[in-house]
Amino acid sequence: MFFFTLLGIMAGMDRLATGARKLGVQLTAGQLDAFDLYRRELQEWNRRMNLTAIDDDKGIQIRHFLDALSCLMAFRSHPMAETRLIDVGTGAGFPGLPLKIVCSDLQLTLLEATEKKVRFLKHLCERLELDNVTVLHGRAEELGQDPSHREQYDWALARAVAEMPVLCEYLLPLVRVGGTCLAQKGENAPAEVGQAERALALLGGRLARLVPIELHGLAETRYLVLVDKLAPTPVKYPRRTGVPSKRPLR
């Protein structure tokens, strides 16, 4: 019975498994089982509250799970054991939780401003029995001025949170000097990066590289925007809640 159940899970998550292989990631049976549980929990909660507009099986596997795992393309030259990573504006857990499922040694912090999503994340972490995951209800502007979080992370990640000038002000204050910010972006990434030159200079960052990503089952090209932290962020940044989005550093 277990064997047939496992085959069913693997068949149900075939898009994810195939797409991951094309990224150079071989998912184990246990990891596919965890992703299947994640999918089912997301769909169940989404029927009761709006967590995501994408909740069909194919969309979850490609646009949520596989898209999140594409971040592994940036980590290959970096050992991930005991790495401190914060996912800012994580929503229903993307990209942070799929990365944790694959990289179990990550010390992961999920930051989310919407309370219902925070409740879902805490429930999901319990269901998945994940260790070393902290779920925080708050804003990046506030956390970036908190001494227990400011410049404490090796990596800060965000997906679909804001345009690059704003995102730099959210992420860079959280990353230690020598750390890296990663923004997942669509086809406009090169133009957005050009608009963020002043923000990067003010906040202590420098563009490291743009990594184009082709996802199995997705037509459009996506990008990983990698920003290195070269110098401490001035104490006045991030500015108070709402200001970065209203007055971007351009």
# chains A, B, ... in the order shown; residues from 1 in each chain; ligands from 1
$ residues_around --residues "A:Gln145" --least-positions-apart "5" --cutoff "10 Å" --atoms "only C-alpha atoms" --output "NGL selection string"
:A and (140 or 150-151 or 173-174 or 235-240)
$ select_by_dssp --residues "stretch 29-233 of chain A" --states "alpha helix (DSSP H)" --output "VMD selection string"
chain A and resid 29 to 48 57 to 59 67 to 69 72 to 75 96 to 102 115 to 128 140 to 143 164 to 171 189 to 195 197 to 203
$ write_last_selection --atoms "C-alpha atoms" --output "mmCIF file, in the first residue's frame"
data_model
loop_
_atom_site.group_PDB
_atom_site.id
_atom_site.type_symbol
_atom_site.label_atom_id
_atom_site.label_comp_id
_atom_site.auth_asym_id
_atom_site.auth_seq_id
_atom_site.Cartn_x
_atom_site.Cartn_y
_atom_site.Cartn_z
ATOM 1 C CA ALA A 29 10.745 10.765 -2.287
ATOM 2 C CA GLY A 30 10.570 12.413 1.148
ATOM 3 C CA GLN A 31 10.902 15.879 -0.353
ATOM 4 C CA LEU A 32 8.199 15.171 -2.947
ATOM 5 C CA ASP A 33 5.972 13.954 -0.128
ATOM 6 C CA ALA A 34 6.584 17.236 1.739
ATOM 7 C CA PHE A 35 5.770 19.281 -1.362
ATOM 8 C CA ASP A 36 2.583 17.284 -1.892
ATOM 9 C CA LEU A 37 1.521 18.013 1.696
ATOM 10 C CA TYR A 38 2.376 21.697 1.167
ATOM 11 C CA ARG A 39 0.204 21.753 -1.975
ATOM 12 C CA ARG A 40 -2.769 20.155 -0.240
ATOM 13 C CA GLU A 41 -2.560 22.461 2.787
ATOM 14 C CA LEU A 42 -2.268 25.541 0.553
ATOM 15 C CA GLN A 43 -5.335 24.537 -1.464
ATOM 16 C CA GLU A 44 -7.364 23.725 1.651
ATOM 17 C CA TRP A 45 -6.543 27.025 3.369
ATOM 18 C CA ASN A 46 -7.031 28.962 0.147
ATOM 19 C CA ARG A 47 -10.647 27.801 0.000
ATOM 20 C CA ARG A 48 -11.242 29.569 3.337
ATOM 21 C CA ASP A 57 -1.974 21.794 -9.159
ATOM 22 C CA LYS A 58 0.077 22.849 -12.181
ATOM 23 C CA GLY A 59 0.397 26.463 -11.084
ATOM 24 C CA ASP A 67 10.082 29.079 -9.169
ATOM 25 C CA ALA A 68 11.251 29.046 -5.545
ATOM 26 C CA LEU A 69 13.735 26.230 -6.196
ATOM 27 C CA LEU A 72 19.257 27.246 -5.788
ATOM 28 C CA MET A 73 21.015 28.351 -8.988
ATOM 29 C CA ALA A 74 22.468 31.228 -6.964
ATOM 30 C CA PHE A 75 23.504 29.083 -3.983
ATOM 31 C CA GLY A 96 11.673 30.356 1.659
ATOM 32 C CA LEU A 97 9.794 27.169 2.557
ATOM 33 C CA PRO A 98 10.500 25.208 -0.657
ATOM 34 C CA LEU A 99 14.181 26.041 -0.150
ATOM 35 C CA LYS A 100 13.990 24.791 3.436
ATOM 36 C CA ILE A 101 12.419 21.515 2.298
ATOM 37 C CA VAL A 102 15.412 20.920 0.028
ATOM 38 C CA GLU A 115 -1.770 38.057 9.846
ATOM 39 C CA LYS A 116 -3.799 35.321 8.107
ATOM 40 C CA LYS A 117 -0.750 34.329 6.084
ATOM 41 C CA VAL A 118 1.332 34.229 9.258
ATOM 42 C CA ARG A 119 -1.195 31.811 10.773
ATOM 43 C CA PHE A 120 -0.964 29.605 7.686
ATOM 44 C CA LEU A 121 2.843 29.624 7.771
ATOM 45 C CA LYS A 122 2.980 28.593 11.426
ATOM 46 C CA HIS A 123 0.470 25.804 10.808
ATOM 47 C CA LEU A 124 2.363 24.582 7.750
ATOM 48 C CA CYS A 125 5.730 24.526 9.542
ATOM 49 C CA GLU A 126 4.157 22.332 12.230
ATOM 50 C CA ARG A 127 2.618 20.000 9.632
ATOM 51 C CA LEU A 128 5.922 19.702 7.793
ATOM 52 C CA ALA A 140 10.721 45.049 6.640
ATOM 53 C CA GLU A 141 11.034 48.730 7.554
ATOM 54 C CA GLU A 142 10.578 47.865 11.237
ATOM 55 C CA LEU A 143 12.715 44.731 11.252
ATOM 56 C CA MET A 164 14.172 47.099 -7.137
ATOM 57 C CA PRO A 165 14.782 50.604 -5.666
ATOM 58 C CA VAL A 166 12.229 49.851 -2.936
ATOM 59 C CA LEU A 167 13.307 46.244 -2.489
ATOM 60 C CA CYS A 168 16.920 47.273 -1.920
ATOM 61 C CA GLU A 169 15.831 49.392 1.036
ATOM 62 C CA TYR A 170 13.884 46.452 2.462
ATOM 63 C CA LEU A 171 16.620 43.834 2.033
ATOM 64 C CA ALA A 189 14.604 42.859 -14.320
ATOM 65 C CA PRO A 190 17.397 44.555 -16.351
ATOM 66 C CA ALA A 191 15.422 47.825 -16.495
ATOM 67 C CA GLU A 192 14.584 47.660 -12.773
ATOM 68 C CA VAL A 193 18.236 47.132 -11.897
ATOM 69 C CA GLY A 194 19.150 50.246 -13.866
ATOM 70 C CA GLN A 195 16.673 52.252 -11.809
ATOM 71 C CA GLU A 197 21.763 52.276 -9.019
ATOM 72 C CA ARG A 198 21.352 55.161 -6.553
ATOM 73 C CA ALA A 199 19.640 52.949 -3.963
ATOM 74 C CA LEU A 200 22.443 50.402 -4.151
ATOM 75 C CA ALA A 201 25.100 53.073 -3.698
ATOM 76 C CA LEU A 202 23.322 54.653 -0.707
ATOM 77 C CA LEU A 203 22.571 51.374 1.061
#
$ closest_atom_pairs --of "stretch 98-158 of chain A" --to "stretch 220-233 of chain A" --cutoff "10 Å" --atoms "only C-alpha atoms" --output "Markdown table"
| residue | atom | partner | partner_atom | distance |
| --- | --- | --- | --- | --- |
| A:Gly144 | CA | A:Thr233 | CA | 10.0 |
| A:Arg150 | CA | A:Thr233 | CA | 9.4 |
| A:Glu151 | CA | A:Pro232 | CA | 7.9 |
| A:Asp154 | CA | A:Lys229 | CA | 9.6 |
| A:Trp155 | CA | A:Asp228 | CA | 9.5 |
| A:Ala156 | CA | A:Val227 | CA | 9.8 |
| A:Leu157 | CA | A:Leu226 | CA | 9.5 |
$ atom_distance --atom1 "atom CA of A:Leu23" --atom2 "atom CA of A:Gln184"
15.6 Å
$ atom_distance --atom1 "atom CA of A:Gln61" --atom2 "atom CA of A:Arg139"
27.8 Å
$ select_by_dssp --residues "stretch 2-241 of chain A" --states "strand (DSSP E)" --output "PyMOL selection string"
chain A and resi 84-88+107-112+133-137+153-159+175-185+205-213+222-229
$ write_last_selection --atoms "N, CA and C atoms" --output "short mmCIF file (atom, residue, chain, number, x, y, z; two decimals), in the first residue's frame"
data_model
loop_
_atom_site.label_atom_id
_atom_site.label_comp_id
_atom_site.auth_asym_id
_atom_site.auth_seq_id
_atom_site.Cartn_x
_atom_site.Cartn_y
_atom_site.Cartn_z
N ARG A 84 22.06 31.69 7.59
CA ARG A 84 20.91 32.45 8.08
C ARG A 84 20.27 33.17 6.89
N LEU A 85 19.03 32.83 6.60
CA LEU A 85 18.33 33.37 5.44
C LEU A 85 16.99 33.94 5.87
N ILE A 86 16.66 35.13 5.39
CA ILE A 86 15.35 35.73 5.66
C ILE A 86 14.62 35.94 4.35
N ASP A 87 13.36 35.52 4.34
CA ASP A 87 12.47 35.68 3.19
C ASP A 87 11.49 36.81 3.53
N VAL A 88 11.63 37.93 2.84
CA VAL A 88 10.87 39.15 3.16
C VAL A 88 9.61 39.21 2.30
N GLN A 107 18.87 28.03 8.38
CA GLN A 107 18.22 28.71 9.49
C GLN A 107 17.35 29.81 8.88
N LEU A 108 16.07 29.53 8.78
CA LEU A 108 15.15 30.33 7.96
C LEU A 108 14.26 31.21 8.82
N THR A 109 14.14 32.48 8.41
CA THR A 109 13.18 33.41 8.98
C THR A 109 12.22 33.84 7.88
N LEU A 110 10.92 33.73 8.16
CA LEU A 110 9.88 34.16 7.23
C LEU A 110 9.23 35.41 7.78
N LEU A 111 9.25 36.49 7.00
CA LEU A 111 8.66 37.76 7.42
C LEU A 111 7.44 38.05 6.57
N GLU A 112 6.31 38.28 7.21
CA GLU A 112 5.06 38.52 6.50
C GLU A 112 4.21 39.52 7.28
N VAL A 133 12.94 27.24 11.86
CA VAL A 133 12.17 28.18 11.06
C VAL A 133 11.45 29.13 12.02
N THR A 134 11.66 30.42 11.82
CA THR A 134 11.00 31.45 12.62
C THR A 134 10.04 32.22 11.73
N VAL A 135 8.80 32.33 12.16
CA VAL A 135 7.79 33.07 11.40
C VAL A 135 7.51 34.37 12.15
N LEU A 136 7.71 35.51 11.48
CA LEU A 136 7.53 36.82 12.10
C LEU A 136 6.40 37.58 11.41
N HIS A 137 5.56 38.21 12.23
CA HIS A 137 4.50 39.08 11.71
C HIS A 137 5.01 40.51 11.82
N TYR A 153 21.82 38.66 8.74
CA TYR A 153 21.54 37.54 7.84
C TYR A 153 22.59 37.40 6.75
N ASP A 154 22.83 36.14 6.36
CA ASP A 154 23.74 35.87 5.24
C ASP A 154 23.07 36.15 3.90
N TRP A 155 21.77 35.86 3.84
CA TRP A 155 20.99 36.07 2.63
C TRP A 155 19.65 36.70 2.99
N ALA A 156 19.18 37.62 2.16
CA ALA A 156 17.82 38.15 2.23
C ALA A 156 17.18 37.96 0.86
N LEU A 157 16.01 37.35 0.84
CA LEU A 157 15.33 37.02 -0.41
C LEU A 157 13.96 37.67 -0.46
N ALA A 158 13.49 37.92 -1.68
CA ALA A 158 12.13 38.42 -1.86
C ALA A 158 11.66 38.08 -3.27
N ARG A 159 10.35 37.84 -3.36
CA ARG A 159 9.74 37.55 -4.66
C ARG A 159 8.49 38.40 -4.80
N VAL A 175 21.00 42.41 5.80
CA VAL A 175 22.11 41.53 5.42
C VAL A 175 23.42 42.03 6.00
N ARG A 176 24.21 41.10 6.51
CA ARG A 176 25.54 41.46 7.02
C ARG A 176 26.45 41.88 5.88
N VAL A 177 27.48 42.64 6.20
CA VAL A 177 28.50 42.96 5.20
C VAL A 177 29.16 41.65 4.76
N GLY A 178 29.21 41.43 3.47
CA GLY A 178 29.69 40.17 2.92
C GLY A 178 28.57 39.22 2.55
N GLY A 179 27.32 39.58 2.94
CA GLY A 179 26.16 38.77 2.58
C GLY A 179 25.60 39.17 1.23
N THR A 180 24.46 38.57 0.89
CA THR A 180 23.88 38.76 -0.44
C THR A 180 22.37 38.89 -0.37
N CYS A 181 21.83 39.76 -1.21
CA CYS A 181 20.39 39.86 -1.41
C CYS A 181 20.03 39.19 -2.74
N LEU A 182 18.88 38.55 -2.76
CA LEU A 182 18.41 37.90 -3.98
C LEU A 182 16.96 38.31 -4.21
N ALA A 183 16.72 38.91 -5.36
CA ALA A 183 15.36 39.29 -5.75
C ALA A 183 14.95 38.47 -6.97
N GLN A 184 13.78 37.84 -6.89
CA GLN A 184 13.24 37.12 -8.04
C GLN A 184 12.41 38.08 -8.87
N LYS A 185 12.77 38.19 -10.13
CA LYS A 185 12.14 39.19 -11.00
C LYS A 185 11.75 38.59 -12.34
N GLY A 205 25.25 48.45 -1.16
CA GLY A 205 25.20 47.28 -2.02
C GLY A 205 25.81 47.50 -3.38
N ARG A 206 26.02 46.43 -4.09
CA ARG A 206 26.52 46.48 -5.47
C ARG A 206 25.95 45.30 -6.24
N LEU A 207 25.47 45.56 -7.44
CA LEU A 207 24.94 44.48 -8.26
C LEU A 207 26.05 43.46 -8.53
N ALA A 208 25.77 42.20 -8.23
CA ALA A 208 26.73 41.14 -8.49
C ALA A 208 26.49 40.52 -9.86
N ARG A 209 25.26 40.12 -10.12
CA ARG A 209 24.95 39.54 -11.42
C ARG A 209 23.45 39.35 -11.58
N LEU A 210 23.06 39.23 -12.83
CA LEU A 210 21.70 38.86 -13.21
C LEU A 210 21.75 37.45 -13.77
N VAL A 211 20.94 36.56 -13.21
CA VAL A 211 20.94 35.17 -13.66
C VAL A 211 19.62 34.88 -14.35
N PRO A 212 19.61 34.68 -15.67
CA PRO A 212 18.36 34.32 -16.36
C PRO A 212 17.95 32.89 -16.02
N ILE A 213 16.66 32.68 -15.82
CA ILE A 213 16.15 31.37 -15.43
C ILE A 213 15.05 30.94 -16.41
N ARG A 222 12.64 34.35 -16.43
CA ARG A 222 12.71 35.01 -15.14
C ARG A 222 14.17 35.26 -14.79
N TYR A 223 14.39 36.12 -13.81
CA TYR A 223 15.76 36.46 -13.42
C TYR A 223 15.93 36.38 -11.92
N LEU A 224 17.14 35.99 -11.51
CA LEU A 224 17.59 36.18 -10.15
C LEU A 224 18.51 37.39 -10.15
N VAL A 225 18.16 38.40 -9.36
CA VAL A 225 19.00 39.59 -9.23
C VAL A 225 19.79 39.46 -7.94
N LEU A 226 21.11 39.37 -8.06
CA LEU A 226 21.98 39.17 -6.91
C LEU A 226 22.72 40.46 -6.59
N VAL A 227 22.62 40.89 -5.34
CA VAL A 227 23.25 42.12 -4.87
C VAL A 227 24.14 41.79 -3.68
N ASP A 228 25.42 42.13 -3.76
CA ASP A 228 26.35 41.90 -2.66
C ASP A 228 26.33 43.08 -1.70
N LYS A 229 26.46 42.79 -0.41
CA LYS A 229 26.55 43.85 0.62
C LYS A 229 28.02 44.14 0.87
#
$ atom_distance --atom1 "atom CA of A:Leu218" --atom2 "atom CA of A:Glu187"
12.6 Å
$ closest_residue --among "A:Gly217, A:Gly89, A:Pro95, A:Pro79" --to "A:His64" --atoms "only C-alpha atoms"
A:Pro95
$ closest_residue --among "A:Gly24, A:Pro147, A:Gly19, A:Gly204" --to "A:Ile62" --atoms "only C-alpha atoms"
A:Gly19
